[in-house]
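**Q** Pasting start_30.pdb below, which is PDB, C-alpha atoms (C1' of nucleotides).
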```pdb
MODEL        1
ATOM      1  CA  MET U   1      40.577  31.394  14.179
ATOM      2  CA  ARG U   2      42.521  32.391  11.119
ATOM      3  CA  ILE U   3      45.815  34.194  11.461
ATOM      4  CA  GLY U   4      44.350  37.589  10.624
ATOM      5  CA  GLU U   5      41.716  37.337  13.339
ATOM      6  CA  VAL U   6      44.292  36.336  15.927
ATOM      7  CA  ALA U   7      46.517  39.179  14.815
ATOM      8  CA  ALA U   8      43.687  41.693  15.160
ATOM      9  CA  ALA U   9      42.690  40.323  18.563
ATOM     10  CA  ALA U  10      46.244  40.588  19.877
ATOM     11  CA  ASP U  11      46.902  43.890  18.135
ATOM     12  CA  THR U  12      49.739  42.622  16.013
ATOM     13  CA  THR U  13      50.183  41.457  12.421
ATOM     14  CA  ALA U  14      49.916  38.135  10.614
ATOM     15  CA  LYS U  15      53.483  38.642   9.496
ATOM     16  CA  THR U  16      54.657  38.869  13.089
ATOM     17  CA  ILE U  17      52.778  35.728  14.082
ATOM     18  CA  ARG U  18      54.393  33.751  11.278
ATOM     19  CA  PHE U  19      57.731  35.157  12.363
ATOM     20  CA  TYR U  20      57.124  34.017  15.948
ATOM     21  CA  GLU U  21      56.206  30.564  14.727
ATOM     22  CA  GLN U  22      59.333  30.391  12.643
ATOM     23  CA  SER U  23      61.405  31.607  15.588
ATOM     24  CA  GLY U  24      60.005  28.889  17.823
ATOM     25  CA  LEU U  25      58.051  31.188  20.138
ATOM     26  CA  LEU U  26      54.796  29.678  18.988
ATOM     27  CA  PRO U  27      54.306  26.011  18.111
ATOM     28  CA  ALA U  28      53.654  25.193  14.468
ATOM     29  CA  ALA U  29      50.019  26.048  13.893
ATOM     30  CA  GLU U  30      47.337  23.539  13.059
ATOM     31  CA  ARG U  31      46.156  23.771   9.491
ATOM     32  CA  SER U  32      42.629  23.671   8.169
ATOM     33  CA  GLU U  33      41.839  21.772   4.992
ATOM     34  CA  ASN U  34      42.781  24.627   2.747
ATOM     35  CA  GLY U  35      46.200  24.955   4.343
ATOM     36  CA  TYR U  36      45.382  28.068   6.328
ATOM     37  CA  ARG U  37      46.767  28.279   9.847
ATOM     38  CA  SER U  38      44.071  27.632  12.434
ATOM     39  CA  TYR U  39      44.457  28.884  15.996
ATOM     40  CA  ALA U  40      42.831  28.221  19.341
ATOM     41  CA  GLU U  41      41.876  31.115  21.565
ATOM     42  CA  ASP U  42      44.910  30.688  23.824
ATOM     43  CA  THR U  43      47.226  31.887  21.089
ATOM     44  CA  VAL U  44      45.882  35.354  21.747
ATOM     45  CA  SER U  45      46.918  34.979  25.399
ATOM     46  CA  LYS U  46      50.375  33.943  24.316
ATOM     47  CA  LEU U  47      50.726  36.911  22.005
ATOM     48  CA  ARG U  48      49.622  39.254  24.779
ATOM     49  CA  PHE U  49      52.128  37.619  27.080
ATOM     50  CA  ILE U  50      54.856  38.155  24.515
ATOM     51  CA  ARG U  51      53.973  41.836  24.476
ATOM     52  CA  ARG U  52      54.131  42.053  28.262
ATOM     53  CA  GLY U  53      57.499  40.360  28.200
ATOM     54  CA  GLN U  54      58.770  42.802  25.622
ATOM     55  CA  ALA U  55      57.471  45.659  27.729
ATOM     56  CA  ALA U  56      59.714  44.339  30.501
ATOM     57  CA  GLY U  57      62.639  44.514  28.114
ATOM     58  CA  LEU U  58      62.975  40.766  27.665
ATOM     59  CA  THR U  59      64.203  39.433  24.349
ATOM     60  CA  LEU U  60      62.062  37.123  22.263
ATOM     61  CA  ALA U  61      64.495  34.332  23.093
ATOM     62  CA  GLN U  62      63.929  34.811  26.832
ATOM     63  CA  ILE U  63      60.177  35.018  26.352
ATOM     64  CA  GLY U  64      60.338  31.892  24.241
ATOM     65  CA  ASP U  65      61.994  30.022  27.096
ATOM     66  CA  ILE U  66      59.160  30.957  29.433
ATOM     67  CA  LEU U  67      56.539  29.861  26.917
ATOM     68  CA  GLN U  68      58.410  26.633  26.435
ATOM     69  CA  LEU U  69      58.354  25.891  30.160
ATOM     70  CA  ARG U  70      54.645  26.607  30.291
ATOM     71  CA  ASP U  71      54.039  24.368  27.289
ATOM     72  CA  ASP U  72      56.055  21.620  28.936
ATOM     73  CA  GLY U  73      53.668  21.782  31.875
ATOM     74  CA  TYR U  74      55.857  23.648  34.336
ATOM     75  CA  ALA U  75      54.916  26.824  36.133
ATOM     76  CA  PRO U  76      57.696  29.156  35.004
ATOM     77  CA  CYS U  77      57.552  31.310  38.154
ATOM     78  CA  ALA U  78      61.022  30.531  39.456
ATOM     79  CA  HIS U  79      62.559  30.915  36.035
ATOM     80  CA  VAL U  80      60.823  34.225  35.501
ATOM     81  CA  GLN U  81      61.901  35.521  38.881
ATOM     82  CA  ASN U  82      65.454  34.598  37.978
ATOM     83  CA  LEU U  83      65.120  36.337  34.653
ATOM     84  CA  LEU U  84      63.749  39.478  36.263
ATOM     85  CA  THR U  85      66.608  39.569  38.737
ATOM     86  CA  ARG U  86      69.120  39.392  35.917
ATOM     87  CA  GLN U  87      67.143  41.948  33.975
ATOM     88  CA  LEU U  88      67.393  44.373  36.899
ATOM     89  CA  THR U  89      71.142  43.867  37.052
ATOM     90  CA  TYR U  90      71.417  44.374  33.336
ATOM     91  CA  LEU U  91      69.311  47.537  33.400
ATOM     92  CA  ASP U  92      71.311  48.938  36.286
ATOM     93  CA  ARG U  93      74.490  48.457  34.338
ATOM     94  CA  GLN U  94      72.975  50.041  31.255
ATOM     95  CA  ILE U  95      71.788  53.020  33.250
ATOM     96  CA  THR U  96      75.156  53.449  34.910
ATOM     97  CA  GLU U  97      76.896  53.378  31.551
ATOM     98  CA  LEU U  98      74.463  55.806  30.048
ATOM     99  CA  LEU U  99      74.881  58.211  32.964
ATOM    100  CA  ALA U 100      78.641  58.050  32.566
ATOM    101  CA  LEU U 101      78.300  58.724  28.868
ATOM    102  CA  ARG U 102      75.984  61.618  29.571
ATOM    103  CA  ALA U 103      78.500  63.101  31.977
ATOM    104  CA  ALA U 104      81.271  62.760  29.419
ATOM    105  CA  VAL U 105      79.213  64.387  26.709
ATOM    106  CA  ALA U 106      78.152  67.162  29.070
ATOM    107  CA  GLU U 107      81.798  67.870  29.751
ATOM    108  CA  PHE U 108      82.595  68.077  26.052
ATOM    109  CA  HIS U 109      79.595  70.288  25.630
ATOM    110  CA  ALA U 110      80.641  72.620  28.420
ATOM    111  CA  GLY U 111      84.032  73.002  26.759
ATOM    112  CA  ALA U 112      82.212  74.169  23.679
ATOM    113  CA  ASP U 113      81.369  77.490  25.287
ATOM    114  CA  ASN U 114      84.890  78.776  25.183
ATOM    115  CA  ALA U 115      85.799  77.169  21.898
ATOM    116  CA  ASP U 116      87.427  79.414  19.385
ATOM    117  CA  PRO U 117      87.369  78.088  15.825
ATOM    118  CA  ALA U 118      90.633  79.901  15.228
ATOM    119  CA  SER U 119      92.387  78.071  18.047
ATOM    120  CA  CYS U 120      91.229  74.716  16.714
ATOM    121  CA  ASP U 121      94.122  72.441  15.897
ATOM    122  CA  PRO U 122      93.273  70.839  12.556
ATOM    123  CA  ASP U 123      95.323  67.838  13.566
ATOM    124  CA  ARG U 124      92.890  67.126  16.328
ATOM    125  CA  ILE U 125      90.016  67.570  13.844
ATOM    126  CA  CYS U 126      87.954  69.213  16.558
ATOM    127  CA  SER U 127      89.143  70.583  19.896
ATOM    128  CA  LEU U 128      85.830  69.750  21.527
ATOM    129  CA  LEU U 129      86.076  66.051  21.159
TER     130      LEU U 129
ATOM    131  CA  MET B   1     102.376  53.853   5.930
ATOM    132  CA  ARG B   2     100.677  50.639   4.987
ATOM    133  CA  ILE B   3      97.244  49.845   6.312
ATOM    134  CA  GLY B   4      98.509  47.443   8.971
ATOM    135  CA  GLU B   5     100.864  50.003  10.438
ATOM    136  CA  VAL B   6      98.132  52.615  10.588
ATOM    137  CA  ALA B   7      95.806  50.114  12.185
ATOM    138  CA  ALA B   8      98.383  49.240  14.843
ATOM    139  CA  ALA B   9      99.130  52.915  15.517
ATOM    140  CA  ALA B  10      95.461  53.716  15.984
ATOM    141  CA  ASP B  11      94.734  50.503  17.846
ATOM    142  CA  THR B  12      92.233  49.207  15.345
ATOM    143  CA  THR B  13      92.240  46.710  12.463
ATOM    144  CA  ALA B  14      92.957  46.908   8.753
ATOM    145  CA  LYS B  15      89.508  45.515   8.155
ATOM    146  CA  THR B  16      87.940  48.398  10.034
ATOM    147  CA  ILE B  17      89.953  50.974   8.115
ATOM    148  CA  ARG B  18      88.795  49.536   4.801
ATOM    149  CA  PHE B  19      85.274  49.571   6.145
ATOM    150  CA  TYR B  20      85.592  53.254   7.076
ATOM    151  CA  GLU B  21      86.908  54.054   3.629
ATOM    152  CA  GLN B  22      84.020  52.209   2.042
ATOM    153  CA  SER B  23      81.591  54.019   4.330
ATOM    154  CA  GLY B  24      82.962  57.395   3.304
ATOM    155  CA  LEU B  25      84.475  58.280   6.679
ATOM    156  CA  LEU B  26      87.930  58.227   5.210
ATOM    157  CA  PRO B  27      88.808  59.366   1.694
ATOM    158  CA  ALA B  28      89.891  56.725  -0.797
ATOM    159  CA  ALA B  29      93.490  55.945   0.113
ATOM    160  CA  GLU B  30      96.436  56.650  -2.159
ATOM    161  CA  ARG B  31      97.947  53.533  -3.638
ATOM    162  CA  SER B  32     101.585  52.586  -3.969
ATOM    163  CA  GLU B  33     102.818  50.868  -7.107
ATOM    164  CA  ASN B  34     101.875  47.437  -5.921
ATOM    165  CA  GLY B  35      98.300  48.498  -5.238
ATOM    166  CA  TYR B  36      98.669  48.630  -1.467
ATOM    167  CA  ARG B  37      96.931  51.482   0.325
ATOM    168  CA  SER B  38      99.404  54.151   1.412
ATOM    169  CA  TYR B  39      98.567  56.520   4.233
ATOM    170  CA  ALA B  40      99.881  59.811   5.566
ATOM    171  CA  GLU B  41     100.386  60.266   9.280
ATOM    172  CA  ASP B  42      97.183  62.269   9.696
ATOM    173  CA  THR B  43      95.048  59.208   9.051
ATOM    174  CA  VAL B  44      96.046  58.042  12.515
ATOM    175  CA  SER B  45      94.677  61.318  13.926
ATOM    176  CA  LYS B  46      91.446  60.777  12.079
ATOM    177  CA  LEU B  47      91.089  57.260  13.395
ATOM    178  CA  ARG B  48      91.736  58.471  16.917
ATOM    179  CA  PHE B  49      89.139  61.174  16.407
ATOM    180  CA  ILE B  50      86.646  58.571  15.244
ATOM    181  CA  ARG B  51      87.244  56.686  18.463
ATOM    182  CA  ARG B  52      86.695  59.805  20.553
ATOM    183  CA  GLY B  53      83.490  60.470  18.686
ATOM    184  CA  GLN B  54      82.304  56.953  19.305
ATOM    185  CA  ALA B  55      83.171  57.337  22.964
ATOM    186  CA  ALA B  56      80.772  60.275  22.984
ATOM    187  CA  GLY B  57      78.090  58.017  21.584
ATOM    188  CA  LEU B  58      78.088  59.544  18.111
ATOM    189  CA  THR B  59      77.288  57.346  15.145
ATOM    190  CA  LEU B  60      79.799  56.849  12.363
ATOM    191  CA  ALA B  61      77.536  58.902  10.109
ATOM    192  CA  GLN B  62      77.682  61.866  12.491
ATOM    193  CA  ILE B  63      81.430  61.520  12.874
ATOM    194  CA  GLY B  64      81.720  61.321   9.112
ATOM    195  CA  ASP B  65      79.940  64.648   8.779
ATOM    196  CA  ILE B  66      82.440  66.300  11.099
ATOM    197  CA  LEU B  67      85.381  64.840   9.204
ATOM    198  CA  GLN B  68      83.812  66.005   5.971
ATOM    199  CA  LEU B  69      83.556  69.571   7.245
ATOM    200  CA  ARG B  70      87.172  69.499   8.373
ATOM    201  CA  ASP B  71      88.227  68.108   5.007
ATOM    202  CA  ASP B  72      86.289  70.837   3.255
ATOM    203  CA  GLY B  73      88.330  73.385   5.172
ATOM    204  CA  TYR B  74      85.769  74.438   7.755
ATOM    205  CA  ALA B  75      86.259  74.380  11.507
ATOM    206  CA  PRO B  76      83.442  72.056  12.582
ATOM    207  CA  CYS B  77      83.097  73.639  16.050
ATOM    208  CA  ALA B  78      79.580  74.973  15.646
ATOM    209  CA  HIS B  79      78.383  71.777  14.044
ATOM    210  CA  VAL B  80      79.909  69.686  16.799
ATOM    211  CA  GLN B  81      78.403  71.851  19.511
ATOM    212  CA  ASN B  82      75.019  71.367  17.871
ATOM    213  CA  LEU B  83      75.568  67.650  17.689
ATOM    214  CA  LEU B  84      76.552  67.477  21.353
ATOM    215  CA  THR B  85      73.450  69.387  22.360
ATOM    216  CA  ARG B  86      71.258  66.939  20.506
ATOM    217  CA  GLN B  87      73.243  64.061  21.911
ATOM    218  CA  LEU B  88      72.538  65.270  25.447
ATOM    219  CA  THR B  89      68.829  65.467  24.701
ATOM    220  CA  TYR B  90      68.926  62.015  23.188
ATOM    221  CA  LEU B  91      70.809  60.556  26.145
ATOM    222  CA  ASP B  92      68.434  62.170  28.610
ATOM    223  CA  ARG B  93      65.513  60.569  26.846
ATOM    224  CA  GLN B  94      67.252  57.204  26.805
ATOM    225  CA  ILE B  95      68.032  57.433  30.495
ATOM    226  CA  THR B  96      64.474  58.415  31.343
ATOM    227  CA  GLU B  97      63.115  55.487  29.375
ATOM    228  CA  LEU B  98      65.552  53.088  30.942
ATOM    229  CA  LEU B  99      64.686  54.299  34.442
ATOM    230  CA  ALA B 100      61.000  53.820  33.705
ATOM    231  CA  LEU B 101      61.693  50.329  32.439
ATOM    232  CA  ARG B 102      63.744  49.569  35.496
ATOM    233  CA  ALA B 103      60.900  50.701  37.741
ATOM    234  CA  ALA B 104      58.450  48.517  35.840
ATOM    235  CA  VAL B 105      60.705  45.483  36.065
ATOM    236  CA  ALA B 106      61.342  46.130  39.742
ATOM    237  CA  GLU B 107      57.608  46.104  40.333
ATOM    238  CA  PHE B 108      57.207  42.786  38.540
ATOM    239  CA  HIS B 109      60.121  41.474  40.526
ATOM    240  CA  ALA B 110      58.638  42.601  43.824
ATOM    241  CA  GLY B 111      55.442  40.757  42.952
ATOM    242  CA  ALA B 112      57.517  37.637  42.574
ATOM    243  CA  ASP B 113      58.011  37.350  46.319
ATOM    244  CA  ASN B 114      54.455  36.359  47.000
ATOM    245  CA  ALA B 115      53.992  34.319  43.871
ATOM    246  CA  ASP B 116      52.564  30.889  44.349
ATOM    247  CA  PRO B 117      53.108  28.513  41.428
ATOM    248  CA  ALA B 118      49.839  26.840  42.327
ATOM    249  CA  SER B 119      47.872  30.061  42.033
ATOM    250  CA  CYS B 120      49.337  30.744  38.615
ATOM    251  CA  ASP B 121      46.672  31.026  35.944
ATOM    252  CA  PRO B 122      47.998  29.051  32.970
ATOM    253  CA  ASP B 123      45.985  31.326  30.715
ATOM    254  CA  ARG B 124      48.129  34.218  31.755
ATOM    255  CA  ILE B 125      51.228  32.077  31.176
ATOM    256  CA  CYS B 126      52.901  33.703  34.159
ATOM    257  CA  SER B 127      51.290  35.738  36.890
ATOM    258  CA  LEU B 128      54.427  37.803  37.373
ATOM    259  CA  LEU B 129      54.387  39.406  33.993
TER     260      LEU B 129
ATOM    261  C1'  DG A   1      32.925  34.944 -13.783
ATOM    262  C1'  DT A   2      35.154  38.108 -11.633
ATOM    263  C1'  DG A   3      36.548  41.203  -8.133
ATOM    264  C1'  DC A   4      38.114  41.440  -3.499
ATOM    265  C1'  DA A   5      39.916  40.135   0.913
ATOM    266  C1'  DC A   6      42.374  36.841   2.818
ATOM    267  C1'  DC A   7      45.735  33.200   2.978
ATOM    268  C1'  DT A   8      50.283  30.583   1.491
ATOM    269  C1'  DT A   9      55.529  30.372   0.698
ATOM    270  C1'  DC A  10      59.643  32.635  -0.719
ATOM    271  C1'  DC A  11      63.347  35.772  -0.614
ATOM    272  C1'  DC A  12      65.244  40.230   0.225
ATOM    273  C1'  DC A  13      65.745  44.526   3.145
ATOM    274  C1'  DT A  14      66.130  47.631   7.363
ATOM    275  C1'  DA A  15      69.852  49.809  11.081
ATOM    276  C1'  DC A  16      74.538  49.431  13.249
ATOM    277  C1'  DA A  17      79.432  48.608  13.111
ATOM    278  C1'  DG A  18      81.937  45.839  11.817
ATOM    279  C1'  DT A  19      83.947  40.431  11.421
ATOM    280  C1'  DG A  20      85.175  36.042   8.883
ATOM    281  C1'  DG A  21      86.831  33.742   5.257
ATOM    282  C1'  DA A  22      88.118  32.526   0.416
ATOM    283  C1'  DA A  23      91.088  33.236  -3.488
ATOM    284  C1'  DG A  24      94.832  35.409  -4.989
ATOM    285  C1'  DG A  25      98.972  39.061  -5.375
ATOM    286  C1'  DT A  26     103.606  40.985  -3.232
ATOM    287  C1'  DC A  27     107.762  41.140  -0.871
ATOM    288  C1'  DA A  28     111.723  40.088   2.163
ATOM    289  C1'  DA A  29     114.238  36.351   4.557
ATOM    290  C1'  DG A  30     116.144  31.884   4.750
TER     291       DG A  30
ATOM    292  C1'  DC P   1     112.526  28.409  -4.270
ATOM    293  C1'  DT P   2     109.620  28.404  -0.777
ATOM    294  C1'  DT P   3     107.717  30.036   3.510
ATOM    295  C1'  DG P   4     105.368  33.551   6.000
ATOM    296  C1'  DA P   5     103.641  38.012   6.723
ATOM    297  C1'  DC P   6     101.411  41.225   4.605
ATOM    298  C1'  DC P   7      98.237  43.092   1.158
ATOM    299  C1'  DT P   8      94.091  42.995  -2.432
ATOM    300  C1'  DT P   9      88.971  42.190  -3.666
ATOM    301  C1'  DC P  10      84.529  40.165  -2.964
ATOM    302  C1'  DC P  11      80.842  37.911  -0.612
ATOM    303  C1'  DA P  12      78.484  36.564   3.300
ATOM    304  C1'  DC P  13      77.361  36.816   8.119
ATOM    305  C1'  DT P  14      76.614  38.508  13.009
ATOM    306  C1'  DG P  15      72.159  40.017  16.349
ATOM    307  C1'  DT P  16      67.289  42.043  16.915
ATOM    308  C1'  DA P  17      62.537  42.102  15.512
ATOM    309  C1'  DG P  18      60.287  42.133  12.178
ATOM    310  C1'  DG P  19      58.619  44.739   7.201
ATOM    311  C1'  DG P  20      58.025  44.719   1.930
ATOM    312  C1'  DG P  21      56.564  42.699  -1.820
ATOM    313  C1'  DA P  22      56.152  38.949  -5.461
ATOM    314  C1'  DA P  23      53.638  34.982  -7.172
ATOM    315  C1'  DG P  24      50.056  32.177  -6.451
ATOM    316  C1'  DG P  25      45.855  29.637  -3.950
ATOM    317  C1'  DT P  26      40.965  30.095  -1.539
ATOM    318  C1'  DG P  27      36.499  31.509  -0.668
ATOM    319  C1'  DC P  28      32.634  34.625  -0.670
ATOM    320  C1'  DA P  29      29.669  38.273  -2.749
ATOM    321  C1'  DC P  30      28.006  40.480  -6.712
TER     322       DC P  30
ENDMDL
END
```
Show the structure stored in the file as structure tokens.
**A**
Amino acid sequence: MRIGEVAAAADTTAKTIRFYEQSGLLPAAERSENGYRSYAEDTVSKLRFIRRGQAAGLTLAQIGDILQLRDDGYAPCAHVQNLLTRQLTYLDRQITELLALRAAVAEFHAGADNADPASCDPDRICSLL
Amino acid sequence: MRIGEVAAAADTTAKTIRFYEQSGLLPAAERSENGYRSYAEDTVSKLRFIRRGQAAGLTLAQIGDILQLRDDGYAPCAHVQNLLTRQLTYLDRQITELLALRAAVAEFHAGADNADPASCDPDRICSLL
DNA sequence: GTGCACCTTCCCCTACAGTGGAAGGTCAAG
DNA sequence: CTTGACCTTCCACTGTAGGGGAAGGTGCAC
């Protein structure tokens, strides 16, 4: 398959596939006589896997590690489980931080109700913040 | 005050102050005879305000708008209240998305308990994702 | 023989908020 | 008179995941 066909099949772009190759997520593609990249069917599977990984919030680097393991002949199950555990921890921290930020902003916002432009100290720029 | 003193007073760096000036958050500084930037005391207030704005999750561009209003002689209260309202909406959307992502990852992770490396279909790369 | 779709490499650009470093000027102390 | 701390400008780079577009090669249909 040529790069455009693979891209269409995996619902992505040729540009992205070249970028993945350059980033080491995909092995350097075979070339046909004319120099065009030539792909086997399983590249489509890999691209779909990359999309699933991204949907789980993994970075391309993390996804690349999994693909590497698979290419090296290992079943990446344990590694992936590890990754998912860390991802949960990471997300929990993110959510906690975001909730704290939301609370802080809500407090500022509540103060806005009884804000009087006249009582605003120019030195503070804005009494709400 | 020289740039280093201001930076120390506002707990930031000279580099950052120059960056803010270049980005339009701070007006072009006065210069003393030797070409050094020379600041009035109120620059420290502005830098502290920038930090409060960042703590509320505002971007430098948004903070810059507020400072601009204040510099133009307006009390930015109404503008800030507007900004905070939108910020709350934005944060709520972020939190919702993150919670959904967390749920998705948790589901993958739960599936990991009964994952058998042997039953892993290499075509899928990893049965967990 | 030429138009068109497709492919190649190459380099630059995006957003965000700075950071690092080079090359050189200034000023006070020793 | 030199050392060191400070300042100046300019240029490039960080991380993330690609996108835009130029300049040129390939292959098929008309």
**Q** Given identical sequences, can you show me chain B least-squares superposed on chain U via all its Cα atoms in order, as a compact mmCIF listing (two decimals) with C-alpha atoms, keeping the file's coordinate frame?
**A**
```
# COMPACT_ATOMS: atom_id res chain seq x y z
CA MET B 1 40.64 31.61 14.10
CA ARG B 2 42.62 32.56 11.05
CA ILE B 3 45.92 34.32 11.41
CA GLY B 4 44.52 37.75 10.57
CA GLU B 5 41.87 37.54 13.25
CA VAL B 6 44.41 36.49 15.86
CA ALA B 7 46.69 39.29 14.78
CA ALA B 8 43.90 41.85 15.10
CA ALA B 9 42.86 40.49 18.50
CA ALA B 10 46.40 40.71 19.82
CA ASP B 11 47.11 44.00 18.09
CA THR B 12 49.95 42.69 15.99
CA THR B 13 50.40 41.51 12.39
CA ALA B 14 50.09 38.19 10.60
CA LYS B 15 53.66 38.61 9.48
CA THR B 16 54.84 38.84 13.06
CA ILE B 17 52.89 35.74 14.08
CA ARG B 18 54.49 33.72 11.29
CA PHE B 19 57.84 35.07 12.38
CA TYR B 20 57.20 33.96 15.97
CA GLU B 21 56.22 30.51 14.76
CA GLN B 22 59.37 30.29 12.69
CA SER B 23 61.42 31.47 15.66
CA GLY B 24 59.97 28.77 17.88
CA LEU B 25 58.05 31.10 20.19
CA LEU B 26 54.79 29.65 19.03
CA PRO B 27 54.23 26.00 18.12
CA ALA B 28 53.59 25.16 14.49
CA ALA B 29 49.96 26.12 13.89
CA GLU B 30 47.25 23.62 13.03
CA ARG B 31 46.10 23.87 9.45
CA SER B 32 42.58 23.84 8.08
CA GLU B 33 41.80 21.97 4.89
CA ASN B 34 42.81 24.81 2.66
CA GLY B 35 46.22 25.07 4.29
CA TYR B 36 45.43 28.20 6.28
CA ARG B 37 46.79 28.38 9.81
CA SER B 38 44.06 27.78 12.38
CA TYR B 39 44.44 29.02 15.93
CA ALA B 40 42.79 28.39 19.28
CA GLU B 41 41.86 31.30 21.49
CA ASP B 42 44.87 30.82 23.76
CA THR B 43 47.24 31.98 21.05
CA VAL B 44 45.94 35.48 21.70
CA SER B 45 46.95 35.09 25.36
CA LYS B 46 50.39 33.99 24.31
CA LEU B 47 50.81 36.95 22.01
CA ARG B 48 49.71 39.30 24.76
CA PHE B 49 52.19 37.63 27.09
CA ILE B 50 54.94 38.14 24.54
CA ARG B 51 54.11 41.82 24.50
CA ARG B 52 54.24 42.04 28.28
CA GLY B 53 57.58 40.30 28.25
CA GLN B 54 58.90 42.72 25.68
CA ALA B 55 57.62 45.59 27.77
CA ALA B 56 59.82 44.25 30.55
CA GLY B 57 62.77 44.38 28.20
CA LEU B 58 63.06 40.63 27.75
CA THR B 59 64.31 39.27 24.45
CA LEU B 60 62.15 36.99 22.35
CA ALA B 61 64.52 34.15 23.20
CA GLN B 62 63.94 34.65 26.93
CA ILE B 63 60.20 34.92 26.42
CA GLY B 64 60.34 31.79 24.32
CA ASP B 65 61.94 29.91 27.18
CA ILE B 66 59.11 30.88 29.51
CA LEU B 67 56.48 29.83 26.98
CA GLN B 68 58.32 26.56 26.51
CA LEU B 69 58.22 25.83 30.23
CA ARG B 70 54.52 26.60 30.35
CA ASP B 71 53.92 24.37 27.34
CA ASP B 72 55.87 21.59 29.00
CA GLY B 73 53.49 21.79 31.93
CA TYR B 74 55.68 23.62 34.41
CA ALA B 75 54.79 26.83 36.21
CA PRO B 76 57.61 29.12 35.07
CA CYS B 77 57.47 31.30 38.22
CA ALA B 78 60.93 30.49 39.54
CA HIS B 79 62.48 30.84 36.12
CA VAL B 80 60.79 34.17 35.56
CA GLN B 81 61.86 35.47 38.95
CA ASN B 82 65.43 34.53 38.07
CA LEU B 83 65.12 36.26 34.74
CA LEU B 84 63.76 39.42 36.34
CA THR B 85 66.61 39.49 38.82
CA ARG B 86 69.13 39.30 36.02
CA GLN B 87 67.18 41.86 34.06
CA LEU B 88 67.42 44.31 36.96
CA THR B 89 71.17 43.80 37.15
CA TYR B 90 71.45 44.28 33.42
CA LEU B 91 69.34 47.44 33.47
CA ASP B 92 71.33 48.86 36.35
CA ARG B 93 74.52 48.37 34.40
CA GLN B 94 73.00 49.95 31.32
CA ILE B 95 71.81 52.94 33.30
CA THR B 96 75.19 53.38 34.95
CA GLU B 97 76.93 53.29 31.60
CA LEU B 98 74.48 55.72 30.08
CA LEU B 99 74.89 58.14 32.98
CA ALA B 100 78.65 57.99 32.59
CA LEU B 101 78.31 58.66 28.89
CA ARG B 102 75.99 61.53 29.57
CA ALA B 103 78.50 63.05 31.98
CA ALA B 104 81.27 62.70 29.41
CA VAL B 105 79.19 64.32 26.69
CA ALA B 106 78.11 67.09 29.04
CA GLU B 107 81.75 67.84 29.72
CA PHE B 108 82.55 68.04 26.01
CA HIS B 109 79.52 70.23 25.58
CA ALA B 110 80.56 72.56 28.38
CA GLY B 111 83.94 72.97 26.70
CA ALA B 112 82.11 74.12 23.62
CA ASP B 113 81.22 77.44 25.22
CA ASN B 114 84.74 78.76 25.10
CA ALA B 115 85.66 77.16 21.82
CA ASP B 116 87.23 79.43 19.28
CA PRO B 117 87.15 78.12 15.71
CA ALA B 118 90.40 79.95 15.08
CA SER B 119 92.19 78.17 17.90
CA CYS B 120 91.07 74.80 16.60
CA ASP B 121 93.99 72.54 15.77
CA PRO B 122 93.11 70.93 12.43
CA ASP B 123 95.22 67.96 13.45
CA ARG B 124 92.81 67.22 16.22
CA ILE B 125 89.92 67.63 13.76
CA CYS B 126 87.84 69.24 16.48
CA SER B 127 89.02 70.63 19.78
CA LEU B 128 85.73 69.78 21.46
CA LEU B 129 86.04 66.07 21.12
```
**Q** Please list as JSON, numbers by chain every residue within 7 Å of segment 37-46 of chain U, counting only C-alpha atoms (C1' of nucleotides) and excluding residues in the same chain fewer than 5 positions away.
**A** {"U": [1, 2, 3, 6, 9, 10, 29, 30, 31, 32], "B": [123, 124]}
**Q** Pull out every residue of chain A sitting within 10 Å of chain U, counting all atoms listed in the file, and send them as a PyMOL selection string.
**A** chain A and resi 6-8
**Q** Once the PyMOL selection byres ((chain P and resi 5) around 12) has been applied to the shown file, what residues remain in the selection, as an mmCIF file with C-alpha atoms (C1' of nucleotides), keeping the file's coordinate frame?
**A**
```
data_model
loop_
_atom_site.group_PDB
_atom_site.id
_atom_site.type_symbol
_atom_site.label_atom_id
_atom_site.label_comp_id
_atom_site.auth_asym_id
_atom_site.auth_seq_id
_atom_site.Cartn_x
_atom_site.Cartn_y
_atom_site.Cartn_z
ATOM 1 C CA GLY B 4 98.509 47.443 8.971
ATOM 2 C "C1'" DT A 26 103.606 40.985 -3.232
ATOM 3 C "C1'" DC A 27 107.762 41.140 -0.871
ATOM 4 C "C1'" DA A 28 111.723 40.088 2.163
ATOM 5 C "C1'" DA A 29 114.238 36.351 4.557
ATOM 6 C "C1'" DT P 3 107.717 30.036 3.510
ATOM 7 C "C1'" DG P 4 105.368 33.551 6.000
ATOM 8 C "C1'" DC P 6 101.411 41.225 4.605
ATOM 9 C "C1'" DC P 7 98.237 43.092 1.158
#
```
**Q** Hey, can you check how far atom C1' of DA29 of chain P sits from atom CA of Glu5 of chain U?
**A**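 Answer for the atom C1' of DA29 of chain P to atom CA of Glu5 of chain U separation: 20.1 Å.
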